[in-house]
Amino acid sequence: MTTPDPDAAPSAGASDDHDAAMTAELAGAAPEPGPDPAPPVRLRLDIAYDGGGFSGWSRQPGLRTVQGELESALGTVLGRHGPVASLVVAGRTDAGVHALGQVAHLDLTAAQKASLTRPHRGPARGRRLDGPATLAKRLNGIAGPNADIQVRRVTPAPEGFDARFSAVWRRYEYRIADADAPRNPLARASTLWHPARLDAGRMRDAAHALLGLHDWSAYCKARDIGTNIRTLQEFDWRRDAEGVLVAAVRADAFCHSMVRALVGASIAVGEGRLDGAELVRIRDGAERTDRFATVPARGLTLLEVGYPDDAELAARAVQTRAIRPRLTASEPIE
């Protein structure tokens, strides 16, 4: 290797740049700034997890959380190429809540993106890799073959996509094995076992009566931030092929513990302790009540998050922020 001669004259282009910088310095002016760094690249992550071993989605000191596990793995994969941005999630699930269709987004720097397309070794050396697919593979590799969290896919996010604010709905399911349903030990981590028989027809009628845009304070855990106004788009009860009661619940968003409170109220109806009209009166009163109990988290699963067409993603994010101006990063969704 030839050692550069420090006394050698620079090339013409380098000399011009050097003279311009020296002239600016002598004149007391800062050198002209270079070109702006490349904008971040946004990726969409589709995630599934068994919530039983997590203290919810959001990172918390000293506790095992979904966000904490994922961001730790992201640091392992990407950290040597600069600080890793925090994940932004569609729904911050509470402790014990499961997910099959959770969605988050992640912003990468140009260096981090490039690191995912360069093969490290093996027969792929020299061939450009699919960066998003590589990230999913590496995250799942860190989690291990029997992990309780899986990144189902990573894809480039469309322009304007925001995992949280672009969403138009979230859909949950809650499962109950009552006295008429078999107790399947293999499903005990995702199904509530209820000792009494429940009237599915009464529960369905009561659920339908609650639909619409309302203040759900009576069905949400009290908080001093944000708003409890939501549109409940779907609420229904059915029995599956085995006789297990399954609630389908969909809304534009959910406030803290809203689904589990709605299920608890439905159980009171199914047992005959309340009727559907009373659930409406409780909702319209906008105050918490002790007439029903909020059910445990283990029967609840986030199934899917809905988004508008790609051309409408950015506008939807702006609209959501305007509708709920006090919505903050610390406010749970469910």
# chains A, B, ... in the order shown; residues from 1 in each chain; ligands from 1
call {"tool": "residues_around", "arguments": {"residues": "Phe161 of chain A", "least_positions_apart": "6", "cutoff": "12 Å", "atoms": "only C-alpha atoms", "output": "list in words"}}
result
Val41, Arg42, Leu43, Arg44, Leu45, Val88, Val89, Ala90, Val103, Ala104, His105, Leu106, Asp107, Thr155, Ala167, Val168, Tyr307, Pro308, Asp309, Asp310, Ala311, Glu312, Leu313, Ala314, Ala315, Arg316, Ala317 and Val318 of chain A
call {"tool": "write_last_selection", "arguments": {"atoms": "N, CA and C atoms", "output": "mmCIF file, in the first residue's frame"}}
result
data_model
loop_
_atom_site.group_PDB
_atom_site.id
_atom_site.type_symbol
_atom_site.label_atom_id
_atom_site.label_comp_id
_atom_site.auth_asym_id
_atom_site.auth_seq_id
_atom_site.Cartn_x
_atom_site.Cartn_y
_atom_site.Cartn_z
ATOM 1 N N VAL A 41 -35.979 5.239 6.530
ATOM 2 C CA VAL A 41 -36.779 4.263 5.803
ATOM 3 C C VAL A 41 -37.719 3.603 6.800
ATOM 4 N N ARG A 42 -39.006 3.642 6.523
ATOM 5 C CA ARG A 42 -39.996 3.090 7.455
ATOM 6 C C ARG A 42 -40.391 1.673 7.043
ATOM 7 N N LEU A 43 -40.387 0.780 8.021
ATOM 8 C CA LEU A 43 -40.798 -0.603 7.812
ATOM 9 C C LEU A 43 -42.039 -0.911 8.647
ATOM 10 N N ARG A 44 -42.878 -1.779 8.123
ATOM 11 C CA ARG A 44 -44.037 -2.283 8.864
ATOM 12 C C ARG A 44 -43.706 -3.682 9.388
ATOM 13 N N LEU A 45 -43.984 -3.901 10.689
ATOM 14 C CA LEU A 45 -43.778 -5.195 11.316
ATOM 15 C C LEU A 45 -45.125 -5.772 11.724
ATOM 16 N N VAL A 88 -43.241 2.023 17.052
ATOM 17 C CA VAL A 88 -44.558 2.652 17.216
ATOM 18 C C VAL A 88 -45.590 1.587 16.891
ATOM 19 N N VAL A 89 -46.513 1.341 17.829
ATOM 20 C CA VAL A 89 -47.404 0.191 17.722
ATOM 21 C C VAL A 89 -48.848 0.626 17.533
ATOM 22 N N ALA A 90 -49.638 -0.223 16.895
ATOM 23 C CA ALA A 90 -51.047 0.085 16.639
ATOM 24 C C ALA A 90 -51.869 0.050 17.913
ATOM 25 N N VAL A 103 -49.487 -4.729 14.858
ATOM 26 C CA VAL A 103 -48.743 -4.020 13.817
ATOM 27 C C VAL A 103 -47.910 -2.917 14.472
ATOM 28 N N ALA A 104 -46.673 -2.773 14.023
ATOM 29 C CA ALA A 104 -45.808 -1.689 14.496
ATOM 30 C C ALA A 104 -45.014 -1.159 13.310
ATOM 31 N N HIS A 105 -44.460 0.037 13.471
ATOM 32 C CA HIS A 105 -43.533 0.517 12.447
ATOM 33 C C HIS A 105 -42.215 0.913 13.088
ATOM 34 N N LEU A 106 -41.175 0.868 12.248
ATOM 35 C CA LEU A 106 -39.815 1.157 12.678
ATOM 36 C C LEU A 106 -39.130 1.991 11.611
ATOM 37 N N ASP A 107 -38.442 3.059 12.011
ATOM 38 C CA ASP A 107 -37.691 3.901 11.088
ATOM 39 C C ASP A 107 -36.211 3.539 11.154
ATOM 40 N N THR A 155 -42.228 -5.610 6.097
ATOM 41 C CA THR A 155 -42.392 -5.118 4.730
ATOM 42 C C THR A 155 -42.136 -3.618 4.687
ATOM 43 N N ALA A 167 -54.352 3.783 11.551
ATOM 44 C CA ALA A 167 -55.308 2.683 11.693
ATOM 45 C C ALA A 167 -56.742 3.219 11.734
ATOM 46 N N VAL A 168 -57.651 2.494 11.102
ATOM 47 C CA VAL A 168 -59.075 2.856 11.133
ATOM 48 C C VAL A 168 -59.868 1.957 12.059
ATOM 49 N N TYR A 307 -56.369 -0.727 8.037
ATOM 50 C CA TYR A 307 -55.834 0.538 7.526
ATOM 51 C C TYR A 307 -56.558 0.911 6.239
ATOM 52 N N PRO A 308 -56.618 2.196 5.905
ATOM 53 C CA PRO A 308 -57.229 2.611 4.644
ATOM 54 C C PRO A 308 -56.309 2.320 3.469
ATOM 55 N N ASP A 309 -56.766 2.656 2.266
ATOM 56 C CA ASP A 309 -55.918 2.529 1.083
ATOM 57 C C ASP A 309 -54.657 3.375 1.261
ATOM 58 N N ASP A 310 -53.587 2.969 0.597
ATOM 59 C CA ASP A 310 -52.300 3.639 0.768
ATOM 60 C C ASP A 310 -52.391 5.147 0.562
ATOM 61 N N ALA A 311 -53.186 5.594 -0.408
ATOM 62 C CA ALA A 311 -53.277 7.023 -0.712
ATOM 63 C C ALA A 311 -53.903 7.815 0.434
ATOM 64 N N GLU A 312 -54.577 7.133 1.357
ATOM 65 C CA GLU A 312 -55.293 7.815 2.443
ATOM 66 C C GLU A 312 -54.586 7.692 3.789
ATOM 67 N N LEU A 313 -53.437 7.031 3.834
ATOM 68 C CA LEU A 313 -52.775 6.767 5.110
ATOM 69 C C LEU A 313 -52.365 8.042 5.832
ATOM 70 N N ALA A 314 -51.707 8.954 5.135
ATOM 71 C CA ALA A 314 -51.225 10.184 5.770
ATOM 72 C C ALA A 314 -52.387 11.035 6.259
ATOM 73 N N ALA A 315 -53.439 11.162 5.448
ATOM 74 C CA ALA A 315 -54.602 11.965 5.837
ATOM 75 C C ALA A 315 -55.278 11.365 7.063
ATOM 76 N N ARG A 316 -55.345 10.034 7.128
ATOM 77 C CA ARG A 316 -55.947 9.383 8.279
ATOM 78 C C ARG A 316 -55.155 9.680 9.548
ATOM 79 N N ALA A 317 -53.827 9.667 9.468
ATOM 80 C CA ALA A 317 -53.002 9.958 10.638
ATOM 81 C C ALA A 317 -53.242 11.379 11.139
ATOM 82 N N VAL A 318 -53.343 12.325 10.222
ATOM 83 C CA VAL A 318 -53.622 13.716 10.601
ATOM 84 C C VAL A 318 -54.998 13.817 11.254
#
call {"tool": "residues_around", "arguments": {"residues": "Arg230 of chain A", "least_positions_apart": "2", "cutoff": "7 Å", "atoms": "only C-alpha atoms", "output": "list in words"}}
result
Leu213, His214, Asp215, Trp216, Asn228, Leu232, Asp252, Ala253 and Phe254 of chain A
call {"tool": "write_last_selection", "arguments": {"atoms": "C-alpha atoms", "output": "PDB file, in the first residue's frame"}}
result
ATOM      1  CA  LEU A 213     -69.925   6.639  18.782  1.00  0.00           C
ATOM      2  CA  HIS A 214     -70.079   7.233  22.534  1.00  0.00           C
ATOM      3  CA  ASP A 215     -68.173   8.231  25.646  1.00  0.00           C
ATOM      4  CA  TRP A 216     -66.997   4.896  27.078  1.00  0.00           C
ATOM      5  CA  ASN A 228     -62.702   7.931  26.122  1.00  0.00           C
ATOM      6  CA  LEU A 232     -67.715   0.713  18.691  1.00  0.00           C
ATOM      7  CA  ASP A 252     -61.637   2.687  15.777  1.00  0.00           C
ATOM      8  CA  ALA A 253     -59.605   2.487  19.009  1.00  0.00           C
ATOM      9  CA  PHE A 254     -60.025   1.233  22.567  1.00  0.00           C
TER      10      PHE A 254
END
call {"tool": "select_by_dssp", "arguments": {"residues": "segment 80-289 of chain A", "states": "alpha helix (DSSP H)", "output": "count of residues only"}}
result
53
call {"tool": "residues_around", "arguments": {"residues": "Ala207 of chain A", "least_positions_apart": "3", "cutoff": "7 Å", "atoms": "only C-alpha atoms", "output": "list in words"}}
result
Met203, Arg204, Leu210, Phe235 and Asp236 of chain A
call {"tool": "write_last_selection", "arguments": {"atoms": "N, CA and C atoms", "output": "mmCIF file, in the first residue's frame"}}
result
data_model
loop_
_atom_site.group_PDB
_atom_site.id
_atom_site.type_symbol
_atom_site.label_atom_id
_atom_site.label_comp_id
_atom_site.auth_asym_id
_atom_site.auth_seq_id
_atom_site.Cartn_x
_atom_site.Cartn_y
_atom_site.Cartn_z
ATOM 1 N N MET A 203 -76.713 -12.149 25.502
ATOM 2 C CA MET A 203 -75.443 -11.432 25.397
ATOM 3 C C MET A 203 -75.309 -10.775 24.031
ATOM 4 N N ARG A 204 -75.728 -11.473 22.988
ATOM 5 C CA ARG A 204 -75.640 -10.911 21.637
ATOM 6 C C ARG A 204 -76.538 -9.686 21.501
ATOM 7 N N LEU A 210 -75.125 -1.656 22.099
ATOM 8 C CA LEU A 210 -74.076 -0.739 22.549
ATOM 9 C C LEU A 210 -73.321 -0.075 21.412
ATOM 10 N N PHE A 235 -69.758 -5.549 17.834
ATOM 11 C CA PHE A 235 -69.728 -6.270 19.102
ATOM 12 C C PHE A 235 -70.751 -7.388 18.981
ATOM 13 N N ASP A 236 -70.273 -8.619 18.979
ATOM 14 C CA ASP A 236 -71.160 -9.757 18.739
ATOM 15 C C ASP A 236 -70.675 -10.953 19.547
#
call {"tool": "residues_around", "arguments": {"residues": "Ala38 of chain A", "least_positions_apart": "4", "cutoff": "10 Å", "atoms": "only C-alpha atoms", "output": "list of chain:residue names"}}
result
A:Thr109, A:Ala110, A:Ala111
call {"tool": "write_last_selection", "arguments": {"atoms": "N, CA and C atoms", "output": "PDB file, in the first residue's frame"}}
result
ATOM      1  N   THR A 109     -32.191   4.172   9.643  1.00  0.00           N
ATOM      2  CA  THR A 109     -31.284   5.065   8.922  1.00  0.00           C
ATOM      3  C   THR A 109     -30.807   4.358   7.660  1.00  0.00           C
ATOM      4  N   ALA A 110     -30.181   5.138   6.775  1.00  0.00           N
ATOM      5  CA  ALA A 110     -29.655   4.547   5.540  1.00  0.00           C
ATOM      6  C   ALA A 110     -28.615   3.472   5.858  1.00  0.00           C
ATOM      7  N   ALA A 111     -27.791   3.707   6.872  1.00  0.00           N
ATOM      8  CA  ALA A 111     -26.766   2.725   7.229  1.00  0.00           C
ATOM      9  C   ALA A 111     -27.396   1.444   7.764  1.00  0.00           C
TER      10      ALA A 111
END
call {"tool": "closest_atom_pairs", "arguments": {"of": "segment 22-113 of chain A", "to": "segment 126-145 of chain A", "cutoff": "10 Å", "atoms": "only C-alpha atoms", "output": "tab-separated table"}}
result
residue	atom	partner	partner_atom	distance
A:Leu43	CA	A:Pro132	CA	7.3
A:Arg44	CA	A:Pro132	CA	8.8
A:Leu45	CA	A:Ala136	CA	8.2
A:Asp46	CA	A:Ala136	CA	9.5
A:Ile47	CA	A:Ala136	CA	9.9
A:Glu69	CA	A:Ala143	CA	8.5
A:Leu70	CA	A:Leu139	CA	7.6
A:Glu71	CA	A:Leu139	CA	9.7
A:Ser72	CA	A:Leu139	CA	9.7
A:Ala73	CA	A:Leu139	CA	6.0
A:Leu74	CA	A:Leu139	CA	7.0
A:Thr76	CA	A:Ile142	CA	8.7
A:Val77	CA	A:Arg138	CA	7.2
A:Leu78	CA	A:Leu135	CA	9.2
A:Gln112	CA	A:Gly131	CA	9.6
A:Lys113	CA	A:Gly131	CA	6.8
call {"tool": "residues_around", "arguments": {"residues": "Arg283 of chain A", "least_positions_apart": "3", "cutoff": "6 Å", "atoms": "only C-alpha atoms", "output": "PyMOL selection string"}}
result
chain A and resi 218+280+286
call {"tool": "atom_distance", "arguments": {"atom1": "atom CA of Ala247 of chain A", "atom2": "atom CA of Val295 of chain A"}}
result
12.7 Å
call {"tool": "closest_residue", "arguments": {"among": "A:Met258, A:Leu302, A:Ala157, A:Leu192", "to": "Trp57 of chain A", "atoms": "only C-alpha atoms"}}
result
A:Leu302
call {"tool": "residues_around", "arguments": {"residues": "Pro195 of chain A", "least_positions_apart": "3", "cutoff": "10 Å", "atoms": "only C-alpha atoms", "output": "JSON, numbers by chain"}}
result
{"A": [177, 178, 179, 180, 192, 198]}
call {"tool": "write_last_selection", "arguments": {"atoms": "C-alpha atoms", "output": "JSON list (two decimals), in the first residue's frame"}}
result
[["chain", "number", "residue", "atom", "x", "y", "z"],
["A", 177, "ALA", "CA", -65.75, -21.71, 28.07],
["A", 178, "ASP", "CA", -68.91, -21.64, 30.21],
["A", 179, "ALA", "CA", -70.70, -24.61, 31.83],
["A", 180, "ASP", "CA", -72.01, -25.73, 28.40],
["A", 192, "LEU", "CA", -61.59, -17.89, 30.31],
["A", 198, "LEU", "CA", -74.34, -18.14, 29.89]]
call {"tool": "select_by_dssp", "arguments": {"residues": "segment 51-221 of chain A", "states": "strand (DSSP E or B)", "output": "number ranges by chain"}}
result
A: 88-89, 98-108, 149-156, 169-177, 192-193, 212-215
call {"tool": "write_last_selection", "arguments": {"atoms": "N, CA and C atoms", "output": "short mmCIF file (atom, residue, chain, number, x, y, z; two decimals), in the first residue's frame"}}
result
data_model
loop_
_atom_site.label_atom_id
_atom_site.label_comp_id
_atom_site.auth_asym_id
_atom_site.auth_seq_id
_atom_site.Cartn_x
_atom_site.Cartn_y
_atom_site.Cartn_z
N VAL A 88 -43.24 2.02 17.05
CA VAL A 88 -44.56 2.65 17.22
C VAL A 88 -45.59 1.59 16.89
N VAL A 89 -46.51 1.34 17.83
CA VAL A 89 -47.40 0.19 17.72
C VAL A 89 -48.85 0.63 17.53
N HIS A 98 -53.04 -11.32 24.42
CA HIS A 98 -52.34 -11.96 23.31
C HIS A 98 -52.53 -11.15 22.01
N ALA A 99 -51.76 -11.51 20.99
CA ALA A 99 -51.92 -10.86 19.68
C ALA A 99 -51.54 -11.84 18.58
N LEU A 100 -52.36 -11.87 17.55
CA LEU A 100 -52.03 -12.57 16.31
C LEU A 100 -51.82 -11.58 15.17
N GLY A 101 -52.33 -10.36 15.31
CA GLY A 101 -52.25 -9.38 14.24
C GLY A 101 -51.80 -8.01 14.70
N GLN A 102 -50.86 -7.97 15.62
CA GLN A 102 -50.32 -6.68 16.06
C GLN A 102 -49.49 -6.07 14.92
N VAL A 103 -49.49 -4.73 14.86
CA VAL A 103 -48.74 -4.02 13.82
C VAL A 103 -47.91 -2.92 14.47
N ALA A 104 -46.67 -2.77 14.02
CA ALA A 104 -45.81 -1.69 14.50
C ALA A 104 -45.01 -1.16 13.31
N HIS A 105 -44.46 0.04 13.47
CA HIS A 105 -43.53 0.52 12.45
C HIS A 105 -42.22 0.91 13.09
N LEU A 106 -41.18 0.87 12.25
CA LEU A 106 -39.81 1.16 12.68
C LEU A 106 -39.13 1.99 11.61
N ASP A 107 -38.44 3.06 12.01
CA ASP A 107 -37.69 3.90 11.09
C ASP A 107 -36.21 3.54 11.15
N LEU A 108 -35.63 3.24 9.99
CA LEU A 108 -34.23 2.89 9.88
C LEU A 108 -33.44 4.02 9.22
N ILE A 149 -42.98 -15.01 21.14
CA ILE A 149 -43.18 -13.84 20.28
C ILE A 149 -42.58 -14.16 18.91
N GLN A 150 -43.28 -13.78 17.84
CA GLN A 150 -42.81 -14.01 16.48
C GLN A 150 -43.11 -12.78 15.63
N VAL A 151 -42.12 -12.38 14.85
CA VAL A 151 -42.34 -11.35 13.83
C VAL A 151 -42.79 -12.09 12.58
N ARG A 152 -44.05 -11.96 12.24
CA ARG A 152 -44.62 -12.76 11.15
C ARG A 152 -44.13 -12.29 9.79
N ARG A 153 -43.94 -10.97 9.67
CA ARG A 153 -43.39 -10.44 8.42
C ARG A 153 -42.92 -9.01 8.66
N VAL A 154 -41.97 -8.58 7.85
CA VAL A 154 -41.53 -7.18 7.82
C VAL A 154 -41.59 -6.75 6.36
N THR A 155 -42.23 -5.61 6.10
CA THR A 155 -42.39 -5.12 4.73
C THR A 155 -42.14 -3.62 4.69
N PRO A 156 -41.73 -3.09 3.53
CA PRO A 156 -41.61 -1.63 3.40
C PRO A 156 -42.96 -0.97 3.64
N TRP A 169 -59.33 0.81 12.41
CA TRP A 169 -59.98 -0.05 13.40
C TRP A 169 -59.00 -1.09 13.94
N ARG A 170 -59.36 -1.61 15.13
CA ARG A 170 -58.68 -2.75 15.74
C ARG A 170 -59.75 -3.79 16.06
N ARG A 171 -59.42 -5.05 15.83
CA ARG A 171 -60.40 -6.12 16.08
C ARG A 171 -59.84 -7.11 17.09
N TYR A 172 -60.60 -7.33 18.15
CA TYR A 172 -60.24 -8.26 19.20
C TYR A 172 -61.22 -9.42 19.26
N GLU A 173 -60.78 -10.49 19.91
CA GLU A 173 -61.63 -11.65 20.20
C GLU A 173 -61.46 -12.01 21.66
N TYR A 174 -62.58 -12.38 22.30
CA TYR A 174 -62.51 -12.88 23.68
C TYR A 174 -63.23 -14.21 23.74
N ARG A 175 -62.59 -15.21 24.36
CA ARG A 175 -63.12 -16.57 24.40
C ARG A 175 -63.49 -16.97 25.83
N ILE A 176 -64.68 -17.57 25.97
CA ILE A 176 -65.17 -18.03 27.28
C ILE A 176 -65.69 -19.46 27.14
N ALA A 177 -65.19 -20.36 27.96
CA ALA A 177 -65.75 -21.71 28.07
C ALA A 177 -66.65 -21.72 29.31
N LEU A 192 -61.10 -18.02 28.94
CA LEU A 192 -61.59 -17.89 30.31
C LEU A 192 -62.54 -19.05 30.61
N TRP A 193 -62.31 -19.75 31.71
CA TRP A 193 -63.24 -20.79 32.14
C TRP A 193 -64.22 -20.17 33.13
N GLY A 212 -71.83 2.10 18.27
CA GLY A 212 -71.88 3.51 17.88
C GLY A 212 -70.81 4.36 18.54
N LEU A 213 -70.86 5.65 18.25
CA LEU A 213 -69.93 6.64 18.78
C LEU A 213 -70.43 7.13 20.13
N HIS A 214 -69.64 6.88 21.18
CA HIS A 214 -70.08 7.23 22.53
C HIS A 214 -68.87 7.53 23.42
N ASP A 215 -69.16 8.10 24.59
CA ASP A 215 -68.17 8.23 25.65
C ASP A 215 -68.20 6.92 26.44
#
call {"tool": "residues_around", "arguments": {"residues": "segment 264-276 of chain A", "least_positions_apart": "4", "cutoff": "9 Å", "atoms": "only C-alpha atoms", "output": "number ranges by chain"}}
result
A: 196-210, 219, 259-260, 280-281, 291-295
call {"tool": "write_last_selection", "arguments": {"atoms": "C-alpha atoms", "output": "CSV table (one decimal), in the first residue's frame"}}
result
chain,number,residue,atom,x,y,z
A,196,ALA,CA,-72.0,-20.9,35.1
A,197,ARG,CA,-74.0,-21.3,32.0
A,198,LEU,CA,-74.3,-18.1,29.9
A,199,ASP,CA,-77.2,-17.2,27.6
A,200,ALA,CA,-75.5,-16.3,24.3
A,201,GLY,CA,-78.7,-14.9,22.8
A,202,ARG,CA,-79.1,-12.3,25.6
A,203,MET,CA,-75.4,-11.4,25.4
A,204,ARG,CA,-75.6,-10.9,21.6
A,205,ASP,CA,-78.7,-8.6,21.9
A,206,ALA,CA,-77.1,-6.6,24.6
A,207,ALA,CA,-73.8,-6.2,22.6
A,208,HIS,CA,-75.6,-5.0,19.5
A,209,ALA,CA,-77.4,-2.3,21.6
A,210,LEU,CA,-74.1,-0.7,22.5
A,219,TYR,CA,-66.2,0.8,30.5
A,259,VAL,CA,-62.9,-4.8,25.8
A,260,ARG,CA,-62.5,-6.7,29.1
A,280,VAL,CA,-76.8,1.2,27.7
A,281,ARG,CA,-77.8,3.2,30.8
A,291,ARG,CA,-72.3,-4.0,38.9
A,292,PHE,CA,-70.0,-6.1,36.8
A,293,ALA,CA,-66.4,-7.2,36.9
A,294,THR,CA,-63.7,-6.6,34.4
A,295,VAL,CA,-62.6,-10.1,33.1
call {"tool": "decode", "arguments": {"residues": "segment 262-281 of chain A", "atoms": "C-alpha atoms", "output": "mmCIF file, in the first residue's frame"}}
result
data_model
loop_
_atom_site.group_PDB
_atom_site.id
_atom_site.type_symbol
_atom_site.label_atom_id
_atom_site.label_comp_id
_atom_site.auth_asym_id
_atom_site.auth_seq_id
_atom_site.Cartn_x
_atom_site.Cartn_y
_atom_site.Cartn_z
ATOM 1 C CA LEU A 262 -67.552 -4.975 27.896
ATOM 2 C CA VAL A 263 -67.061 -8.731 28.218
ATOM 3 C CA GLY A 264 -67.593 -8.564 31.980
ATOM 4 C CA ALA A 265 -70.833 -6.653 31.456
ATOM 5 C CA SER A 266 -71.925 -9.237 28.886
ATOM 6 C CA ILE A 267 -71.329 -12.052 31.383
ATOM 7 C CA ALA A 268 -73.615 -10.271 33.847
ATOM 8 C CA VAL A 269 -76.287 -10.217 31.128
ATOM 9 C CA GLY A 270 -75.675 -13.860 30.230
ATOM 10 C CA GLU A 271 -76.169 -14.861 33.863
ATOM 11 C CA GLY A 272 -79.383 -12.820 34.116
ATOM 12 C CA ARG A 273 -78.024 -10.303 36.638
ATOM 13 C CA LEU A 274 -78.344 -7.362 34.194
ATOM 14 C CA ASP A 275 -80.261 -6.729 30.987
ATOM 15 C CA GLY A 276 -79.141 -5.086 27.782
ATOM 16 C CA ALA A 277 -80.945 -1.831 28.483
ATOM 17 C CA GLU A 278 -79.032 -1.504 31.746
ATOM 18 C CA LEU A 279 -75.717 -1.763 29.897
ATOM 19 C CA VAL A 280 -76.777 1.162 27.712
ATOM 20 C CA ARG A 281 -77.773 3.218 30.761
#
